[in-house]
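What's in final-v4.pdb: PDB, C-alpha atoms
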ATOM      1  CA  LEU R 232      34.295   7.417  -6.446
ATOM      2  CA  GLU R 233      37.617   9.255  -6.357
ATOM      3  CA  GLU R 234      37.039  10.216  -2.726
ATOM      4  CA  MET R 235      36.164   6.755  -1.401
ATOM      5  CA  GLY R 236      38.671   4.060  -0.605
ATOM      6  CA  LYS R 237      36.415   1.201  -1.681
ATOM      7  CA  PHE R 238      33.037   1.152  -3.423
ATOM      8  CA  GLY R 239      30.324  -0.727  -1.518
ATOM      9  CA  ARG R 240      27.473  -1.699  -3.834
ATOM     10  CA  TYR R 241      25.227  -2.701  -0.902
ATOM     11  CA  LEU R 242      26.568  -0.197   1.596
ATOM     12  CA  ASP R 243      23.865   1.973   3.165
ATOM     13  CA  SER R 244      25.986   5.005   3.917
ATOM     14  CA  ASP R 245      23.156   7.420   4.785
ATOM     15  CA  GLY R 246      20.733   5.066   6.561
ATOM     16  CA  ASP R 247      17.793   5.313   4.148
ATOM     17  CA  GLY R 248      18.120   1.731   2.901
ATOM     18  CA  ILE R 249      18.817   2.845  -0.684
ATOM     19  CA  CYS R 250      22.317   1.953  -1.827
ATOM     20  CA  TYR R 251      24.328   3.959  -4.294
ATOM     21  CA  ARG R 252      25.154   2.385  -7.621
ATOM     22  CA  THR R 253      27.401   3.155 -10.538
ATOM     23  CA  TYR R 254      26.957   3.056 -14.282
ATOM     24  CA  PRO R 255      29.315   0.883 -16.372
ATOM     25  CA  GLY R 256      32.348   2.821 -17.535
ATOM     26  CA  THR R 257      31.944   5.618 -14.985
ATOM     27  CA  HIS R 258      35.421   5.091 -13.536
ATOM     28  CA  PRO R 259      38.442   3.170 -14.855
ATOM     29  CA  THR R 260      39.136   1.278 -11.614
ATOM     30  CA  LYS R 261      36.337   1.955  -9.105
ATOM     31  CA  GLY R 262      32.629   1.271  -9.151
ATOM     32  CA  ALA R 263      32.693  -2.102 -10.893
ATOM     33  CA  PHE R 264      31.424  -5.079  -8.931
ATOM     34  CA  PHE R 265      30.463  -8.721  -9.371
ATOM     35  CA  THR R 266      27.651 -10.147  -7.311
ATOM     36  CA  ARG R 267      25.590 -13.322  -6.972
ATOM     37  CA  GLY R 268      21.908 -13.789  -6.371
ATOM     38  CA  THR R 269      22.674 -15.396  -3.022
ATOM     39  CA  SER R 270      23.783 -13.722   0.204
ATOM     40  CA  ARG R 271      26.459 -11.040  -0.075
ATOM     41  CA  ASP R 272      28.025  -8.366   2.094
ATOM     42  CA  HIS R 273      28.144  -4.573   1.664
ATOM     43  CA  TYR R 274      30.817  -4.943  -0.999
ATOM     44  CA  ALA R 275      28.964  -7.554  -3.090
ATOM     45  CA  VAL R 276      31.210 -10.359  -1.804
ATOM     46  CA  TYR R 277      29.536 -13.742  -1.273
ATOM     47  CA  THR R 278      29.026 -14.677   2.357
ATOM     48  CA  GLU R 279      27.130 -17.199   4.458
ATOM     49  CA  LEU R 280      27.448 -15.247   7.729
ATOM     50  CA  GLY R 281      24.038 -14.946   9.368
ATOM     51  CA  ASP R 282      24.508 -11.495  10.897
ATOM     52  CA  ILE R 283      25.434 -10.014   7.516
ATOM     53  CA  TYR R 284      22.380 -11.637   5.913
ATOM     54  CA  VAL R 285      20.140 -10.189   8.632
ATOM     55  CA  ASP R 286      21.699  -6.763   8.147
ATOM     56  CA  ASN R 287      20.957  -6.877   4.423
ATOM     57  CA  VAL R 288      17.312  -7.875   4.969
ATOM     58  CA  ASP R 289      16.908  -5.116   7.570
ATOM     59  CA  ARG R 290      18.307  -2.658   5.037
ATOM     60  CA  LEU R 291      15.649  -3.710   2.538
ATOM     61  CA  ASN R 292      12.992  -2.956   5.179
ATOM     62  CA  ARG R 293      14.474   0.530   5.622
ATOM     63  CA  LYS R 294      14.321   0.932   1.854
ATOM     64  CA  PHE R 295      10.544   0.290   1.886
ATOM     65  CA  ASP R 296      10.095   2.739   4.758
ATOM     66  CA  THR R 297      11.966   5.392   2.795
ATOM     67  CA  ALA R 298       9.962   4.658  -0.345
ATOM     68  CA  ALA R 299       6.728   5.290   1.569
ATOM     69  CA  THR R 300       7.871   8.890   2.170
ATOM     70  CA  LEU R 301       8.880   9.504  -1.457
ATOM     71  CA  LEU R 302       6.027   7.959  -3.467
ATOM     72  CA  PRO R 303       2.815   9.836  -4.395
ATOM     73  CA  LYS R 304       0.591  10.623  -1.413
ATOM     74  CA  PRO R 305      -3.050   9.509  -1.249
ATOM     75  CA  VAL R 306      -5.794  11.970  -2.151
ATOM     76  CA  ILE R 307      -7.942  12.374   0.958
ATOM     77  CA  ARG R 308     -11.257  14.209   1.051
ATOM     78  CA  THR R 309     -13.301  14.791   4.180
ATOM     79  CA  ARG R 310     -16.952  15.791   4.362
ATOM     80  CA  GLY R 311     -18.238  17.534   7.456
ATOM     81  CA  LYS R 312     -16.713  17.074  10.890
ATOM     82  CA  GLY R 313     -15.708  13.904  12.617
ATOM     83  CA  GLY R 314     -16.895  11.452   9.969
ATOM     84  CA  LYS R 315     -16.739   7.850  11.192
ATOM     85  CA  THR R 316     -17.192   6.122   7.835
ATOM     86  CA  GLY R 317     -14.759   6.203   4.942
ATOM     87  CA  LEU R 318     -14.235   4.935   1.417
ATOM     88  CA  ILE R 319     -10.900   3.578   0.199
ATOM     89  CA  TYR R 320     -10.291   3.129  -3.519
ATOM     90  CA  TYR R 321      -7.562   3.280  -6.145
ATOM     91  CA  GLY R 322      -6.842   3.126  -9.870
ATOM     92  CA  THR R 323      -9.716   2.586 -12.288
ATOM     93  CA  THR R 324     -12.333   2.671  -9.526
ATOM     94  CA  SER R 325     -11.573   6.368  -8.903
ATOM     95  CA  ALA R 326     -14.219   8.008 -11.081
ATOM     96  CA  ALA R 327     -17.022   5.767  -9.846
ATOM     97  CA  ALA R 328     -15.896   6.070  -6.213
ATOM     98  CA  THR R 329     -15.789   9.872  -6.391
ATOM     99  CA  GLU R 330     -19.292   9.951  -7.845
ATOM    100  CA  THR R 331     -20.454   7.536  -5.140
ATOM    101  CA  VAL R 332     -19.504   9.989  -2.395
ATOM    102  CA  ASP R 333     -21.778  12.619  -3.996
ATOM    103  CA  LEU R 334     -24.629  10.175  -4.590
ATOM    104  CA  LEU R 335     -24.635   9.011  -0.980
ATOM    105  CA  ALA R 336     -24.263  12.546   0.371
ATOM    106  CA  ALA R 337     -27.516  13.443  -1.417
ATOM    107  CA  LYS R 338     -29.133  10.619   0.564
ATOM    108  CA  GLY R 339     -27.716  11.789   3.871
ATOM    109  CA  ILE R 340     -24.860   9.276   4.019
ATOM    110  CA  SER R 341     -21.572  11.085   4.579
ATOM    111  CA  LEU R 342     -18.342   9.396   3.538
ATOM    112  CA  ASP R 343     -14.771  10.595   3.763
ATOM    113  CA  SER R 344     -12.595   9.165   1.014
ATOM    114  CA  CYS R 345      -9.011   8.091   0.442
ATOM    115  CA  CYS R 346      -7.648   7.401  -3.031
ATOM    116  CA  ILE R 347      -4.479   5.335  -2.613
ATOM    117  CA  LYS R 348      -1.807   6.319  -5.121
ATOM    118  CA  SER R 349       1.148   4.125  -4.191
ATOM    119  CA  PHE R 350       2.569   1.211  -2.250
ATOM    120  CA  PRO R 351       4.207   0.928   0.298
ATOM    121  CA  PHE R 352       1.459   2.802   2.145
ATOM    122  CA  SER R 353       2.280   6.249   3.463
ATOM    123  CA  GLU R 354       1.551   7.481   6.964
ATOM    124  CA  GLU R 355      -1.456   9.384   5.595
ATOM    125  CA  VAL R 356      -3.161   6.090   4.726
ATOM    126  CA  VAL R 357      -2.482   4.811   8.247
ATOM    127  CA  GLN R 358      -3.997   7.945   9.772
ATOM    128  CA  PHE R 359      -7.070   7.782   7.532
ATOM    129  CA  ILE R 360      -7.760   4.224   8.665
ATOM    130  CA  ASP R 361      -7.144   5.086  12.319
ATOM    131  CA  ASN R 362      -9.545   8.043  12.127
ATOM    132  CA  HIS R 363     -12.525   5.978  10.930
ATOM    133  CA  GLU R 364     -14.591   3.262  12.556
ATOM    134  CA  ARG R 365     -15.765   1.637   9.317
ATOM    135  CA  LEU R 366     -14.150   1.635   5.884
ATOM    136  CA  TYR R 367     -15.449   0.358   2.562
ATOM    137  CA  VAL R 368     -12.660  -0.832   0.267
ATOM    138  CA  VAL R 369     -13.692  -0.617  -3.384
ATOM    139  CA  GLU R 370     -11.951  -2.972  -5.809
ATOM    140  CA  GLN R 371     -12.334  -4.527  -9.243
ATOM    141  CA  ASN R 372     -11.139  -8.022  -8.401
ATOM    142  CA  ARG R 373     -12.730 -11.059  -6.790
ATOM    143  CA  ASP R 374     -10.537 -11.415  -3.715
ATOM    144  CA  GLY R 375     -10.215  -7.881  -2.371
ATOM    145  CA  GLN R 376      -6.465  -7.659  -2.880
ATOM    146  CA  MET R 377      -6.058  -4.099  -1.590
ATOM    147  CA  ARG R 378      -7.991  -4.975   1.569
ATOM    148  CA  THR R 379      -5.608  -7.900   2.101
ATOM    149  CA  LEU R 380      -2.606  -5.596   1.731
ATOM    150  CA  LEU R 381      -4.057  -3.129   4.237
ATOM    151  CA  ILE R 382      -4.614  -5.936   6.734
ATOM    152  CA  ASN R 383      -1.219  -7.576   6.237
ATOM    153  CA  GLU R 384       0.965  -4.500   5.915
ATOM    154  CA  LEU R 385      -0.710  -2.200   8.460
ATOM    155  CA  GLU R 386      -2.150  -4.859  10.785
ATOM    156  CA  THR R 387      -5.587  -3.320  10.362
ATOM    157  CA  ASN R 388      -8.459  -5.095  12.073
ATOM    158  CA  PRO R 389     -10.233  -7.007   9.260
ATOM    159  CA  LYS R 390     -13.631  -6.234  10.797
ATOM    160  CA  LYS R 391     -12.996  -2.562  10.124
ATOM    161  CA  LEU R 392     -12.623  -3.077   6.355
ATOM    162  CA  THR R 393     -15.676  -4.096   4.345
ATOM    163  CA  LYS R 394     -15.208  -5.404   0.810
ATOM    164  CA  VAL R 395     -17.016  -3.783  -2.079
ATOM    165  CA  VAL R 396     -15.751  -5.900  -4.966
ATOM    166  CA  HIS R 397     -16.841  -5.986  -8.587
ATOM    167  CA  TYR R 398     -15.582  -8.605 -11.042
ATOM    168  CA  ASP R 399     -18.116  -9.303 -13.776
ATOM    169  CA  GLY R 400     -15.859  -7.981 -16.535
ATOM    170  CA  LEU R 401     -17.595  -4.610 -16.880
ATOM    171  CA  PRO R 402     -16.343  -1.324 -15.399
ATOM    172  CA  ILE R 403     -17.494  -0.640 -11.864
ATOM    173  CA  SER R 404     -20.188   2.024 -11.512
ATOM    174  CA  ALA R 405     -21.144   4.530  -8.839
ATOM    175  CA  ARG R 406     -24.593   2.956  -8.787
ATOM    176  CA  PHE R 407     -23.105  -0.417  -7.879
ATOM    177  CA  ILE R 408     -20.862   1.011  -5.145
ATOM    178  CA  SER R 409     -23.554   3.183  -3.588
ATOM    179  CA  SER R 410     -26.201   0.464  -3.619
ATOM    180  CA  SER R 411     -23.706  -1.994  -2.096
ATOM    181  CA  ILE R 412     -22.884   0.404   0.737
ATOM    182  CA  GLU R 413     -26.555   1.194   1.350
ATOM    183  CA  ALA R 414     -27.358  -2.518   1.498
ATOM    184  CA  HIS R 415     -24.557  -3.108   3.954
ATOM    185  CA  GLN R 416     -25.655  -0.264   6.212
ATOM    186  CA  GLN R 417     -29.246  -1.460   6.191
ATOM    187  CA  HIS R 418     -27.995  -4.939   7.038
ATOM    188  CA  ASN R 419     -26.112  -3.534  10.050
ATOM    189  CA  SER R 420     -28.966  -1.334  11.241
ATOM    190  CA  ALA R 421     -31.179  -4.428  11.324
ATOM    191  CA  GLY R 422     -28.926  -5.774  14.073
ATOM    192  CA  LYS R 423     -27.304  -8.474  11.971
ATOM    193  CA  ARG R 424     -23.647  -9.374  11.806
ATOM    194  CA  SER R 425     -21.437  -6.682  10.308
ATOM    195  CA  THR R 426     -19.236  -9.042   8.317
ATOM    196  CA  LEU R 427     -21.395  -9.033   5.199
ATOM    197  CA  LYS R 428     -19.257  -8.998   2.067
ATOM    198  CA  VAL R 429     -20.687  -7.023  -0.821
ATOM    199  CA  ALA R 430     -19.794  -8.418  -4.241
ATOM    200  CA  SER R 431     -20.915  -8.371  -7.829
ATOM    201  CA  ARG R 432     -22.999 -11.323  -8.912
TER     202      ARG R 432
END

Could I get this structure in the form of structure tokens?
Amino acid sequence: LEEMGKFGRYLDSDGDGICYRTYPGTHPTKGAFFTRGTSRDHYAVYTELGDIYVDNVDRLNRKFDTAATLLPKPVIRTRGKGGKTGLIYYGTTSAAATETVDLLAAKGISLDSCCIKSFPFSEEVVQFIDNHERLYVVEQNRDGQMRTLLINELETNPKKLTKVVHYDGLPISARFISSSIEAHQQHNSAGKRSTLKVASR
């Protein structure tokens, strides 16, 4: 603060989208600021200028891009070489999803897996999706919220992501996931449409 002429609360001095901030009482004359919830410039001064508003929104986008490089990376496991089918899961589905991979492997169905650990999605998640032709997205909610995020945020082709959703109030099981995937694959091998949605009853 001593070295800068003026403190800019929303000034992105290093281009990563994350602004520096000060704690109250840090400096007797510098670092304090007053801001509104509406549009403001780099120095927390109210403004209605469109180009400054656009600049601030673009900075927030840079902030998300930076966050994607700093947050926990996904845990990715591959089985064999050149697997075309993958499993995406997260949170409380992790134990059941991990067991599912072993159960299906014993039946000759090989699945790579990606356990998502954070959002915004990292480049590793993008690469995992790009490297597979079909992906099963395991979730414990009715609407497939993670699948929606993957489609909206990464512009993933919805046909590539098959829902495996469980929402009957009980914890999801490896038996449920594996039987759902087997049913879907049998459905596809019979020459039927590949848009079947697997869900708990």

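The gap separating atom CA of R:Tyr367 from atom CA of R:Thr300 is 24.8 Å, in Å to one decimal.
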
Kindly provide the residues of stretch 302-360 of chain R that approach stretch 370-394 of chain R to within 12 Å, each paired with its closest atom pair and their distance in Å to one decimal, based on all atoms listed in the file, listed by chain and increasing number, as CSV.
residue,atom,partner,partner_atom,distance
R:Lys315,CA,R:Lys391,CA,11.1
R:Thr316,CA,R:Lys391,CA,9.9
R:Gly317,CA,R:Leu392,CA,9.6
R:Leu318,CA,R:Leu392,CA,9.5
R:Ile319,CA,R:Glu370,CA,9.0
R:Tyr320,CA,R:Glu370,CA,6.7
R:Tyr321,CA,R:Glu370,CA,7.6
R:Gly322,CA,R:Glu370,CA,8.9
R:Thr323,CA,R:Gln371,CA,8.2
R:Thr324,CA,R:Glu370,CA,6.8
R:Ser325,CA,R:Glu370,CA,9.8
R:Ala327,CA,R:Glu370,CA,10.9
R:Ala328,CA,R:Glu370,CA,9.9
R:Cys346,CA,R:Glu370,CA,11.6
R:Ile347,CA,R:Met377,CA,9.6
R:Lys348,CA,R:Met377,CA,11.8
R:Ser349,CA,R:Met377,CA,11.2
R:Phe350,CA,R:Leu380,CA,9.4
R:Pro351,CA,R:Glu384,CA,8.5
R:Phe352,CA,R:Glu384,CA,8.2
R:Ser353,CA,R:Leu385,CA,10.3
R:Glu354,CA,R:Leu385,CA,10.1
R:Glu355,CA,R:Leu385,CA,12.0
R:Val356,CA,R:Leu381,CA,9.3
R:Val357,CA,R:Leu385,CA,7.2
R:Gln358,CA,R:Leu385,CA,10.7
R:Phe359,CA,R:Thr387,CA,11.6
R:Ile360,CA,R:Thr387,CA,8.0

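Residues matched by the PyMOL selection byres ((chain R and resi 235) around 12) in this file: Leu232, Glu233, Glu234, Gly236, Lys237, Phe238, Gly239, Ser244, Thr260, Lys261 and Gly262 of chain R.
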
Export of prior selection with C-alpha atoms as a PDB file, in the frame of the given file:
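Result file is out_28.pdb:
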ATOM      1  CA  LEU R 232      34.295   7.417  -6.446  1.00  0.00           C
ATOM      2  CA  GLU R 233      37.617   9.255  -6.357  1.00  0.00           C
ATOM      3  CA  GLU R 234      37.039  10.216  -2.726  1.00  0.00           C
ATOM      4  CA  GLY R 236      38.671   4.060  -0.605  1.00  0.00           C
ATOM      5  CA  LYS R 237      36.415   1.201  -1.681  1.00  0.00           C
ATOM      6  CA  PHE R 238      33.037   1.152  -3.423  1.00  0.00           C
ATOM      7  CA  GLY R 239      30.324  -0.727  -1.518  1.00  0.00           C
ATOM      8  CA  SER R 244      25.986   5.005   3.917  1.00  0.00           C
ATOM      9  CA  THR R 260      39.136   1.278 -11.614  1.00  0.00           C
ATOM     10  CA  LYS R 261      36.337   1.955  -9.105  1.00  0.00           C
ATOM     11  CA  GLY R 262      32.629   1.271  -9.151  1.00  0.00           C
TER      12      GLY R 262
END

Atomic distance atom CA of R:Ala421 - atom CA of R:Leu342, expressed in Å with one decimal:
20.4 Å

So what does the PyMOL selection byres ((chain R and resi 290) around 10) actually pick up in this one, as a compact mmCIF listing (two decimals) with C-alpha atoms, in the frame of the given file?
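Output (selection_9.txt):
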# COMPACT_ATOMS: atom_id res chain seq x y z
CA TYR R 241 25.23 -2.70 -0.90
CA LEU R 242 26.57 -0.20 1.60
CA ASP R 243 23.86 1.97 3.16
CA GLY R 246 20.73 5.07 6.56
CA ASP R 247 17.79 5.31 4.15
CA GLY R 248 18.12 1.73 2.90
CA ILE R 249 18.82 2.84 -0.68
CA CYS R 250 22.32 1.95 -1.83
CA TYR R 284 22.38 -11.64 5.91
CA VAL R 285 20.14 -10.19 8.63
CA ASP R 286 21.70 -6.76 8.15
CA ASN R 287 20.96 -6.88 4.42
CA VAL R 288 17.31 -7.88 4.97
CA ASP R 289 16.91 -5.12 7.57
CA LEU R 291 15.65 -3.71 2.54
CA ASN R 292 12.99 -2.96 5.18
CA ARG R 293 14.47 0.53 5.62
CA LYS R 294 14.32 0.93 1.85
CA PHE R 295 10.54 0.29 1.89
CA ASP R 296 10.10 2.74 4.76

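The two atoms in question, atom CA of R:Ala405 and atom CA of R:Leu335, are spaced 9.7 Å apart.
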
Which residue, R:Ala263, R:Val396, R:Cys345, R:Ala275, has the smallest gap to R:Pro305 when you use all atoms listed in the file?
R:Cys345

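Comparing R:Asp333, R:Asp343, R:Asp399, R:Glu279 by their smallest distance to R:Val306, the closest is R:Asp343 (using only C-alpha atoms).
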
Given the file shown, determine the residues that the PyMOL selection byres ((chain R and resi 404) around 9) selects; report them as an MDAnalysis selection string.
chainID R and resid 324 326:328 330:331 401:403 405:409

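Every residue within 10 Å of the file position (-18.4, 13.2, 6.5), judged by only C-alpha atoms, is given as Arg308, Thr309, Arg310, Gly311, Lys312, Gly313, Gly314, Lys315, Thr316, Gly317, Val332, Ala336, Gly339, Ile340, Ser341, Leu342, Asp343 and Ser344 of chain R.
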
Got time to write the residues from that selection, C-alpha atoms, as a JSON list (two decimals), in the coordinates of the input?
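Result went into part11.json, see below:
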[["chain", "number", "residue", "atom", "x", "y", "z"],
["R", 308, "ARG", "CA", -11.26, 14.21, 1.05],
["R", 309, "THR", "CA", -13.30, 14.79, 4.18],
["R", 310, "ARG", "CA", -16.95, 15.79, 4.36],
["R", 311, "GLY", "CA", -18.24, 17.53, 7.46],
["R", 312, "LYS", "CA", -16.71, 17.07, 10.89],
["R", 313, "GLY", "CA", -15.71, 13.90, 12.62],
["R", 314, "GLY", "CA", -16.90, 11.45, 9.97],
["R", 315, "LYS", "CA", -16.74, 7.85, 11.19],
["R", 316, "THR", "CA", -17.19, 6.12, 7.84],
["R", 317, "GLY", "CA", -14.76, 6.20, 4.94],
["R", 332, "VAL", "CA", -19.50, 9.99, -2.40],
["R", 336, "ALA", "CA", -24.26, 12.55, 0.37],
["R", 339, "GLY", "CA", -27.72, 11.79, 3.87],
["R", 340, "ILE", "CA", -24.86, 9.28, 4.02],
["R", 341, "SER", "CA", -21.57, 11.08, 4.58],
["R", 342, "LEU", "CA", -18.34, 9.40, 3.54],
["R", 343, "ASP", "CA", -14.77, 10.60, 3.76],
["R", 344, "SER", "CA", -12.60, 9.16, 1.01]]

Repaired coordinates for stretch 290-308 of chain R (N, CA, C and O atoms) as a short mmCIF file (atom, residue, chain, number, x, y, z; two decimals), keeping the file's coordinate frame:
data_model
loop_
_atom_site.label_atom_id
_atom_site.label_comp_id
_atom_site.auth_asym_id
_atom_site.auth_seq_id
_atom_site.Cartn_x
_atom_site.Cartn_y
_atom_site.Cartn_z
N ARG R 290 18.13 -3.81 5.92
CA ARG R 290 18.31 -2.66 5.04
C ARG R 290 17.17 -2.57 4.03
O ARG R 290 16.67 -1.48 3.73
N LEU R 291 16.75 -3.71 3.50
CA LEU R 291 15.65 -3.71 2.54
C LEU R 291 14.37 -3.19 3.19
O LEU R 291 13.57 -2.50 2.55
N ASN R 292 14.15 -3.50 4.46
CA ASN R 292 12.99 -2.96 5.18
C ASN R 292 13.08 -1.44 5.28
O ASN R 292 12.08 -0.73 5.12
N ARG R 293 14.28 -0.92 5.56
CA ARG R 293 14.47 0.53 5.62
C ARG R 293 14.20 1.16 4.26
O ARG R 293 13.67 2.27 4.17
N LYS R 294 14.55 0.43 3.22
CA LYS R 294 14.32 0.93 1.85
C LYS R 294 12.83 1.12 1.60
O LYS R 294 12.39 2.12 1.01
N PHE R 295 11.99 0.17 2.04
CA PHE R 295 10.54 0.29 1.89
C PHE R 295 10.01 1.45 2.71
O PHE R 295 9.13 2.19 2.27
N ASP R 296 10.53 1.62 3.92
CA ASP R 296 10.10 2.74 4.76
C ASP R 296 10.41 4.07 4.10
O ASP R 296 9.60 5.01 4.14
N THR R 297 11.58 4.17 3.50
CA THR R 297 11.97 5.39 2.80
C THR R 297 11.08 5.61 1.58
O THR R 297 10.63 6.74 1.32
N ALA R 298 10.81 4.55 0.85
CA ALA R 298 9.96 4.66 -0.34
C ALA R 298 8.59 5.21 0.00
O ALA R 298 8.02 6.01 -0.75
N ALA R 299 8.05 4.82 1.16
CA ALA R 299 6.73 5.29 1.57
C ALA R 299 6.68 6.80 1.74
O ALA R 299 5.62 7.41 1.60
N THR R 300 7.83 7.43 2.01
CA THR R 300 7.87 8.89 2.17
C THR R 300 8.10 9.61 0.85
O THR R 300 7.90 10.82 0.78
N LEU R 301 8.52 8.89 -0.18
CA LEU R 301 8.88 9.50 -1.46
C LEU R 301 7.84 9.30 -2.55
O LEU R 301 7.79 10.08 -3.51
N LEU R 302 7.02 8.27 -2.44
CA LEU R 302 6.03 7.96 -3.47
C LEU R 302 4.82 8.90 -3.37
O LEU R 302 4.64 9.59 -2.37
N PRO R 303 3.99 8.94 -4.42
CA PRO R 303 2.82 9.84 -4.39
C PRO R 303 1.92 9.60 -3.19
O PRO R 303 1.65 8.46 -2.81
N LYS R 304 1.46 10.69 -2.59
CA LYS R 304 0.59 10.62 -1.41
C LYS R 304 -0.85 10.32 -1.84
O LYS R 304 -1.25 10.61 -2.96
N PRO R 305 -1.64 9.75 -0.93
CA PRO R 305 -3.05 9.51 -1.25
C PRO R 305 -3.81 10.83 -1.35
O PRO R 305 -3.39 11.84 -0.78
N VAL R 306 -4.92 10.81 -2.08
CA VAL R 306 -5.79 11.97 -2.15
C VAL R 306 -6.93 11.73 -1.15
O VAL R 306 -7.72 10.81 -1.33
N ILE R 307 -6.96 12.55 -0.12
CA ILE R 307 -7.94 12.37 0.96
C ILE R 307 -8.92 13.53 0.96
O ILE R 307 -8.52 14.71 0.91
N ARG R 308 -10.20 13.19 1.00
CA ARG R 308 -11.26 14.21 1.05
C ARG R 308 -12.15 13.92 2.24
O ARG R 308 -12.57 12.78 2.45
#
